[in-house]
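Read through the structure below, which is laid out as structure tokens, and then see the notes.
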Amino acid sequence: MIFHDKDAKSVLELLNTDKNGLKTAQVKELQEKYGENKLKEKKKKNTFQRFLEQFKDVMILILIAAAIISFVVACIEGDPQEFFEPILILAIVIINAIMGVMQESKAEKALDALKSLSAPHARVIRDGVESVIDAKELVPGDIIKVEAGDFIPADCRLIESTSLKSEESALTGESVPSEKHASITVKDNAPLGDRQNMIFSGCSITYGTALAVVTATGMDTEMGKIANLLDSEEEGQTPLQKKLASLGKYLGIVALTCCAIIFIVGLTSGMDVLEIFMTAVSLAVSAIPEGLPAIVTIVLSIGVQRMVKKNAIIRRLPAVETLGSASIICSDKTGTLTQNRMTLVKAYTAKKGLLEDITENNDDEVKKLLAFGTLCSDGSVVFEGDKEQHIGDPTETSIVYAAYKNGLKKEDLNAKYPRISGIPFDSDRKLMSTINEIDSKKVVIVKGAFDVLIERTLGDDIKKAKAVCDEMSANALRVLAVCYKYIDEIPESLTSENLENGLTFLGLVGMIDPPRPEAKEAVRICRKAGIKPVMITGDHVVTASAIARELGILLDGDMSITGSELDKMTDAELDNVVEKISVYARVSPENKIRIVKAWQRRDQVVSMTGDGVNDAPALKAADIGCAMGITGTDVAKGAADITLTDDNFATIVDAVREGRGIYSNIKKVVGFLLGTNIGEIIVVFLAMMLWHVTPLLSMQLLWINLVTDSLPAIALGMEAVENDVMEKSPKPKKEGLFAHGYGVRIILQGIMFGALALIAYKIGEVSTGSLSGGQTMAFITLSLSQVIQAFNMRSDHSLFKIGFFSNKKLNISALVSILLVLLVIFTPAKIIFGLITLDLKLYLIAFGMAIVPLVVMELGKLFGFIFSKNK
């Protein structure tokens, strides 16, 4: 059905609704008819497709090639026992693929859960009551309210609008917001861009306010009609995952190179070709850390879920890594550093010239001030029994609530003094205006920042008001001024110039938003972690400075500047002083971008908070954009990397802590897996070069990699965040995974494992007089020493300091790994793995050598040896 060619009244009649909204019974009936208001999702890959995708990895392909070679050798030799090796290799590849599919499914479920947490909401009127609901619950006929910063949840016909503009580039390609008017009608064949009385799902409101009726939902919307064209978002890898994928390719090249060298050496030494092939297979297997990609994904996924529990929703995985590098946190004041419980506590009226406390029974002049402030507010307070819900801007709801306590209900005031028109608030003007009909006269009410309104008022009562304003600001009160004027006619074009000048000053209201108790501690942690906290606010500089000083953000020698002072600075001048500035007051969205870029020019990693539609560019420009989950607009949330569900500064600090912990755990896992695999490469390669033998069979290496590597590695990735992680300086933005000699330490640790295994092999071979004896000793030493190494990698600190068995998941995985190794050593299964029974003395020597890494690493931690410290 076409709605844009009909007037608003006709549309309401067609949809069987009115301005009081649908009845509850109607909603249920319409929900059954139209279903949920959401677009059809992209077709997901089935389990089989996901399973096949697991075999695209270079490391897995090398393993499959090794299995094929092993199978060919088994066929040539004709020994049924020889088929166990290729079967084991393929079994491990398949198990790895199954684990990958399971992890993908788990990650997808986690992502769906995150989507539901960050789902858009709508302000809807039903049964005459305004409430906030999930946008998916909307049905045609619902009455909704929208304002600047909102995403439009469904296609709608405007009923009432004030200076409304909508950004519709996703539908029309027009980069300039479209002006919208409820009062006009357009031709039935008008293109989308010309339907000025309609707003469309998926677009956003950039300016103004409106009341609208939903005309289409879900796939019936204009966005739904082209959903298939828009559904092109692909899941990308994080920078770290890309580096690890590249590392896998390099390891593959190393394996193939070593195989080629061994093949040449073997042929020139007169070794049997089949034996050379099997040695090459062993080397290929030893070079591949099979579980690395899956384990890193698991660690990231667990970290993201952990952050959700701490009120931080990560929208983009790379943000987890970037968080660990955050060196500057630029935070809003209101609601983030403070409690966002604005309470009106003071009022000053020009007529009486006195500053008074707000009570439940103020005099008539204060009541007039509160009434005018309420009429010029979009915020509302809804009561449900004993509970009150503040909807909209907290500064406005504090005025509405103060008026309510004085017996002035907003609904009654709006009914008695209806709003005719107005100009919505925006952060550039720092003002809001309405035109109301009061006692048959048209009255313009203007509410906003005192320092802006002071230039627009008439009379000589401003000097005293300014002194009162400064006094309130010095006491950390947020101050708003209320002015008014009478007009005869409403101007054809509503502009700030013709409506917000020549005003009569009515009075001031002062409200307090006390600092969050946890914010002061969070600021202290920031400074200890080498992170500079910066306050950015629209408040008065005196108010902002008072709260910043109380929280520890503004220290002796630090600067506080205003947005206007910032505007006068060149980029070069800002760069020179940016490190000294801790408070920015009265800033515009453009100022925020300049602040971000100034810090980035100094190679700092910047986190920026924001909630308004105009904050979106700054959130995108920052390295980590943090949107407010409670007060934040949908546009701001869409531009951000992280959404804070509690709008709390301490949550940002917690998120940085978790980000550092996750990165540290991934680094530990990578170091553990690569160190042990390098040890395996050294064992096989040197034994072949020195003695022309294979010290470990490929099936033995696979068992070690699967059993003693993968399980402890996953548990290592779940290690609790270390207590001192916020006592270290932030990681530089471009710092690699193997910086500060970490790569060298991994190689040295690999050499330690290789040397231990080679010594164990030689002891076993000499003592038993057989190759199998040497392989058994090498297998026991290497497998058990790697389990112990997982404990070593937990921390830079001694295990005896942090608690040897404090990671319960690692305890369980280590126990399972040891039992599986012992199962192979002491049961008939040892025959299949090419192992033999040893003398008790040799078992004790092997077990003793397996403990050597613990002793060496603990000594290294004690004396700061190069191969033990993991920065």
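Lettering and numbering for the structure tokens are positional, with chains as A, B, ... in the shown order, residues counted from 1 in each chain, and ligands counted from 1 in the shown order.
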Subject >> For Asn361 in chain A: contacts at 10 Å, only C-alpha atoms, fewer than 4 positions along chain excluded, given as a PyMOL selection string >> reply: chain A and resi 366-367+403+405-407
Let's have the selection written as a CSV table (one decimal), in the first residue's frame, with C-alpha atoms.
```
chain,number,residue,atom,x,y,z
A,366,VAL,CA,10.6,29.0,40.8
A,367,LYS,CA,7.6,27.0,39.7
A,403,ALA,CA,8.6,20.1,38.3
A,405,LYS,CA,7.7,17.1,42.7
A,406,ASN,CA,6.3,20.6,42.7
A,407,GLY,CA,3.0,19.3,41.3
```
**OP:** Can you list, as an MDAnalysis selection string, all residues belonging to range 562-704 of chain A that DSSP tags as alpha helix (DSSP H)?
**Re:** chainID A and resid 563:567 571:577 589:600 616:621 634:639 649:691 698:703
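For range 715-730 of chain A, the list of residues within 6 Å, based on only C-alpha atoms and with local chain neighbours fewer than 3 positions off taken out, reads A:Val299, A:Ser325, A:Ser327, A:Lys528, A:Ala529, A:Gly530, A:Gly661, A:Asn665, A:Pro712, A:Lys809, A:Leu810.
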Subject >> 12 Å contact set for Lys580 in chain A, only C-alpha atoms, chain neighbours under 5 positions out, as number ranges by chain >> reply: A: 532-534, 553-561, 574-575, 599
**OP:** Tell me which protein, DNA and RNA residues are within 7 Å of Phe753 in chain A, counting only C-alpha atoms, leaving out same-chain ones fewer than 6 positions away, and put them as an MDAnalysis selection string.
**Re:** chainID A and resid 676 679 782
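Looking only at range 575-717 of chain A, the set that DSSP places in strand (DSSP E or B) from backbone geometry is A:Ile581, A:Ser582, A:Val583, A:Tyr584, A:Ala585, A:Val606, A:Ser607, A:Met608, A:Thr609, A:Gly610, A:Ile624, A:Gly625, A:Cys626, A:Ala627, A:Met628, A:Ile642, A:Thr643, A:Leu644.
The two atoms in question, CA of Glu160 in chain A and CA of Lys180 in chain A, are spaced 10.1 Å apart.
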**OP:** For Gly632 in chain A, work out the shell of residues within 12 Å, counting only C-alpha atoms and skipping chain neighbours fewer than 3 positions away, then give it as a ChimeraX atom specification.
**Re:** /A:118,120-121,148-151,332,334-336,392-393,609-616,619,626-629,635-640,642-647
**OP:** Fewer than 3 positions away in the same chain doesn't count, so skip those; otherwise give me all residues within 10 Å of Gly773 in chain A, counting only C-alpha atoms, as a PyMOL selection string.
**Re:** chain A and resi 695+760-770+776-779+834-838+842
**OP:** Work out how far CA of Asp426 in chain A is from CA of Ser166 in chain A, in Å to one decimal.
**Re:** 14.8 Å
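Considering the residues A:Trp703, A:Phe649, A:Phe277, A:Tyr742 and counting only C-alpha atoms, Val824 in chain A has its shortest atom-to-atom contact with A:Trp703.
What separates CA of Ile261 in chain A from CA of Ile759 in chain A is a distance of 23.0 Å.
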